[in-house]
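Following: one structure in structure tokens, then a few remarks.
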Amino acid sequence: MENFENEDMFMIYNVAGKSIMVEAKLGEEFDFVCSEEECGERLVLHGVIKVVTPQEYRKVLKATLNENEEFQVIETLSPIPLIFEGTENGEKVKLPAETLQNLAKRFVRNFLNL
């Protein structure tokens, strides 16, 4: 598993049907607000990005894919089991997440064939 000590940018998937990039530290609570102008609707996140067991990660990923088929591409996420756990506009959620660094690597590997 990679060293997350210096990671501070994460992508959270299926936040109101969107992929949202947040600045946070792994395992530390954070707040994120995206205005209606920026996101098409006001989004308020509060929670933590954390490493979970592979079983819990697969459960969260499956629930996300069942809710929104547009996120099929995230099935290629790296095997590091990261989730966002907290609230989205006041509702409790668990959503798949990945580091920005892993997102960039996955994009290059899967979409640019490099």
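Here's how to read the names in the structure tokens: chain A, B, ... by the order shown, residue numbers from 1 in each chain, ligand numbers from 1 in the order shown.
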Could you list, as a PyMOL selection string, every residue within 10 Å of stretch 85-97 of chain A, counting only C-alpha atoms and ignoring same-chain residues fewer than 6 positions away? chain A and resi 10-16+19-21+29-33+42-51+56-64+74+77+103
Can you write out the residues you just picked, keeping C-alpha atoms, as a compact mmCIF listing (two decimals), in the first residue's frame?
```txt
# COMPACT_ATOMS: atom_id res chain seq x y z
CA PHE A 10 -8.82 12.95 -3.07
CA MET A 11 -11.56 12.23 -5.58
CA ILE A 12 -14.89 11.16 -4.07
CA TYR A 13 -17.30 9.42 -6.43
CA ASN A 14 -21.10 9.72 -6.69
CA VAL A 15 -21.53 12.86 -4.61
CA ALA A 16 -25.01 13.78 -5.88
CA SER A 19 -17.08 13.17 -8.95
CA ILE A 20 -15.81 15.75 -6.47
CA MET A 21 -12.17 16.59 -5.70
CA GLU A 29 -12.44 15.00 9.51
CA PHE A 30 -13.01 17.74 6.97
CA ASP A 31 -15.75 19.97 5.60
CA PHE A 32 -16.29 20.75 1.93
CA VAL A 33 -18.82 23.11 0.40
CA ARG A 42 -25.14 23.27 -3.30
CA LEU A 43 -23.14 20.33 -1.94
CA VAL A 44 -22.01 20.11 1.67
CA LEU A 45 -19.77 17.24 2.76
CA HIS A 46 -18.58 16.50 6.28
CA GLY A 47 -16.67 13.38 7.14
CA VAL A 48 -13.46 11.47 6.75
CA ILE A 49 -11.59 9.62 4.02
CA LYS A 50 -10.29 6.37 5.40
CA VAL A 51 -8.82 3.00 4.52
CA GLU A 56 -16.30 -3.07 3.06
CA TYR A 57 -14.81 -1.31 0.04
CA ARG A 58 -16.44 -3.78 -2.38
CA LYS A 59 -19.78 -3.30 -0.59
CA VAL A 60 -19.54 0.51 -0.93
CA LEU A 61 -18.42 0.24 -4.57
CA LYS A 62 -21.27 -2.16 -5.42
CA ALA A 63 -23.84 0.14 -3.77
CA THR A 64 -22.47 3.08 -5.76
CA ILE A 74 -14.46 3.32 -11.24
CA LEU A 77 -9.86 1.88 -9.22
CA LEU A 103 -6.52 8.88 -10.36
```
Per-residue DSSP, stretch 5-106 of chain A, filtered to helix (DSSP H, G or I), as a ChimeraX atom specification: /A:36-39,54-67,69-76,100-106
Please report, as a PDB file with N, CA and C atoms, in the first residue's frame, each residue of stretch 4-57 of chain A to which DSSP assigns strand (DSSP E or B) when run on this structure's backbone.
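So selection_16.pdb came out as:
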```pdb
ATOM      1  N   MET A   9      -5.129  15.423  -1.562  1.00  0.00           N
ATOM      2  CA  MET A   9      -6.174  15.612  -2.564  1.00  0.00           C
ATOM      3  C   MET A   9      -6.781  14.253  -2.892  1.00  0.00           C
ATOM      4  N   PHE A  10      -8.109  14.193  -2.819  1.00  0.00           N
ATOM      5  CA  PHE A  10      -8.823  12.948  -3.070  1.00  0.00           C
ATOM      6  C   PHE A  10     -10.009  13.204  -3.986  1.00  0.00           C
ATOM      7  N   MET A  11     -10.357  12.197  -4.765  1.00  0.00           N
ATOM      8  CA  MET A  11     -11.561  12.230  -5.579  1.00  0.00           C
ATOM      9  C   MET A  11     -12.591  11.352  -4.871  1.00  0.00           C
ATOM     10  N   ILE A  12     -13.773  11.911  -4.657  1.00  0.00           N
ATOM     11  CA  ILE A  12     -14.885  11.160  -4.067  1.00  0.00           C
ATOM     12  C   ILE A  12     -15.918  10.978  -5.170  1.00  0.00           C
ATOM     13  N   TYR A  13     -16.402   9.745  -5.333  1.00  0.00           N
ATOM     14  CA  TYR A  13     -17.303   9.417  -6.432  1.00  0.00           C
ATOM     15  C   TYR A  13     -18.757   9.315  -5.983  1.00  0.00           C
ATOM     16  N   ASN A  14     -19.646   9.782  -6.853  1.00  0.00           N
ATOM     17  CA  ASN A  14     -21.097   9.721  -6.691  1.00  0.00           C
ATOM     18  C   ASN A  14     -21.618  10.649  -5.592  1.00  0.00           C
ATOM     19  N   VAL A  15     -21.011  11.811  -5.490  1.00  0.00           N
ATOM     20  CA  VAL A  15     -21.533  12.859  -4.609  1.00  0.00           C
ATOM     21  C   VAL A  15     -22.625  13.559  -5.409  1.00  0.00           C
ATOM     22  N   LYS A  18     -21.974  13.124  -8.932  1.00  0.00           N
ATOM     23  CA  LYS A  18     -20.787  13.781  -9.477  1.00  0.00           C
ATOM     24  C   LYS A  18     -19.515  13.207  -8.850  1.00  0.00           C
ATOM     25  N   SER A  19     -18.392  13.449  -9.518  1.00  0.00           N
ATOM     26  CA  SER A  19     -17.077  13.174  -8.949  1.00  0.00           C
ATOM     27  C   SER A  19     -16.555  14.492  -8.400  1.00  0.00           C
ATOM     28  N   ILE A  20     -16.206  14.516  -7.130  1.00  0.00           N
ATOM     29  CA  ILE A  20     -15.808  15.751  -6.465  1.00  0.00           C
ATOM     30  C   ILE A  20     -14.395  15.598  -5.910  1.00  0.00           C
ATOM     31  N   MET A  21     -13.521  16.573  -6.229  1.00  0.00           N
ATOM     32  CA  MET A  21     -12.173  16.587  -5.695  1.00  0.00           C
ATOM     33  C   MET A  21     -12.163  17.414  -4.412  1.00  0.00           C
ATOM     34  N   VAL A  22     -11.580  16.843  -3.358  1.00  0.00           N
ATOM     35  CA  VAL A  22     -11.519  17.535  -2.075  1.00  0.00           C
ATOM     36  C   VAL A  22     -10.088  17.552  -1.552  1.00  0.00           C
ATOM     37  N   GLU A  23      -9.805  18.561  -0.769  1.00  0.00           N
ATOM     38  CA  GLU A  23      -8.528  18.638  -0.069  1.00  0.00           C
ATOM     39  C   GLU A  23      -8.772  18.157   1.352  1.00  0.00           C
ATOM     40  N   PHE A  30     -13.085  16.518   7.763  1.00  0.00           N
ATOM     41  CA  PHE A  30     -13.012  17.743   6.971  1.00  0.00           C
ATOM     42  C   PHE A  30     -14.415  18.164   6.565  1.00  0.00           C
ATOM     43  N   ASP A  31     -14.516  19.412   6.152  1.00  0.00           N
ATOM     44  CA  ASP A  31     -15.751  19.969   5.603  1.00  0.00           C
ATOM     45  C   ASP A  31     -15.455  20.459   4.198  1.00  0.00           C
ATOM     46  N   PHE A  32     -16.419  20.288   3.310  1.00  0.00           N
ATOM     47  CA  PHE A  32     -16.288  20.746   1.929  1.00  0.00           C
ATOM     48  C   PHE A  32     -17.636  21.309   1.507  1.00  0.00           C
ATOM     49  N   VAL A  33     -17.597  22.489   0.908  1.00  0.00           N
ATOM     50  CA  VAL A  33     -18.820  23.111   0.400  1.00  0.00           C
ATOM     51  C   VAL A  33     -18.577  23.502  -1.048  1.00  0.00           C
ATOM     52  N   CYS A  34     -19.495  23.118  -1.917  1.00  0.00           N
ATOM     53  CA  CYS A  34     -19.451  23.499  -3.329  1.00  0.00           C
ATOM     54  C   CYS A  34     -20.735  24.279  -3.615  1.00  0.00           C
ATOM     55  N   LEU A  43     -23.564  21.601  -2.525  1.00  0.00           N
ATOM     56  CA  LEU A  43     -23.137  20.335  -1.935  1.00  0.00           C
ATOM     57  C   LEU A  43     -22.344  20.619  -0.669  1.00  0.00           C
ATOM     58  N   VAL A  44     -22.716  19.962   0.401  1.00  0.00           N
ATOM     59  CA  VAL A  44     -22.011  20.108   1.671  1.00  0.00           C
ATOM     60  C   VAL A  44     -21.603  18.713   2.137  1.00  0.00           C
ATOM     61  N   LEU A  45     -20.297  18.505   2.266  1.00  0.00           N
ATOM     62  CA  LEU A  45     -19.765  17.235   2.757  1.00  0.00           C
ATOM     63  C   LEU A  45     -19.108  17.455   4.109  1.00  0.00           C
ATOM     64  N   HIS A  46     -19.301  16.520   5.005  1.00  0.00           N
ATOM     65  CA  HIS A  46     -18.585  16.500   6.278  1.00  0.00           C
ATOM     66  C   HIS A  46     -18.283  15.039   6.577  1.00  0.00           C
ATOM     67  N   GLY A  47     -17.012  14.759   6.836  1.00  0.00           N
ATOM     68  CA  GLY A  47     -16.665  13.382   7.140  1.00  0.00           C
ATOM     69  C   GLY A  47     -15.186  13.143   7.067  1.00  0.00           C
ATOM     70  N   VAL A  48     -14.847  11.901   6.741  1.00  0.00           N
ATOM     71  CA  VAL A  48     -13.457  11.474   6.751  1.00  0.00           C
ATOM     72  C   VAL A  48     -13.213  10.521   5.587  1.00  0.00           C
ATOM     73  N   ILE A  49     -12.023  10.602   5.015  1.00  0.00           N
ATOM     74  CA  ILE A  49     -11.591   9.618   4.023  1.00  0.00           C
ATOM     75  C   ILE A  49     -10.699   8.644   4.769  1.00  0.00           C
ATOM     76  N   LYS A  50     -11.016   7.360   4.622  1.00  0.00           N
ATOM     77  CA  LYS A  50     -10.288   6.369   5.401  1.00  0.00           C
ATOM     78  C   LYS A  50     -10.078   5.089   4.614  1.00  0.00           C
ATOM     79  N   VAL A  51      -9.091   4.321   5.065  1.00  0.00           N
ATOM     80  CA  VAL A  51      -8.824   2.996   4.515  1.00  0.00           C
ATOM     81  C   VAL A  51      -9.746   2.020   5.231  1.00  0.00           C
TER      82      VAL A  51
END
```
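Straight-line separation from atom CA of A:Asn68 to atom CA of A:Ala24: 24.8 Å.
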Two-atom distance - atom CA of A:Phe84, atom CA of A:Gln72 (Å):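 About the pair atom CA of A:Phe84 and atom CA of A:Gln72: they are 18.0 Å apart.
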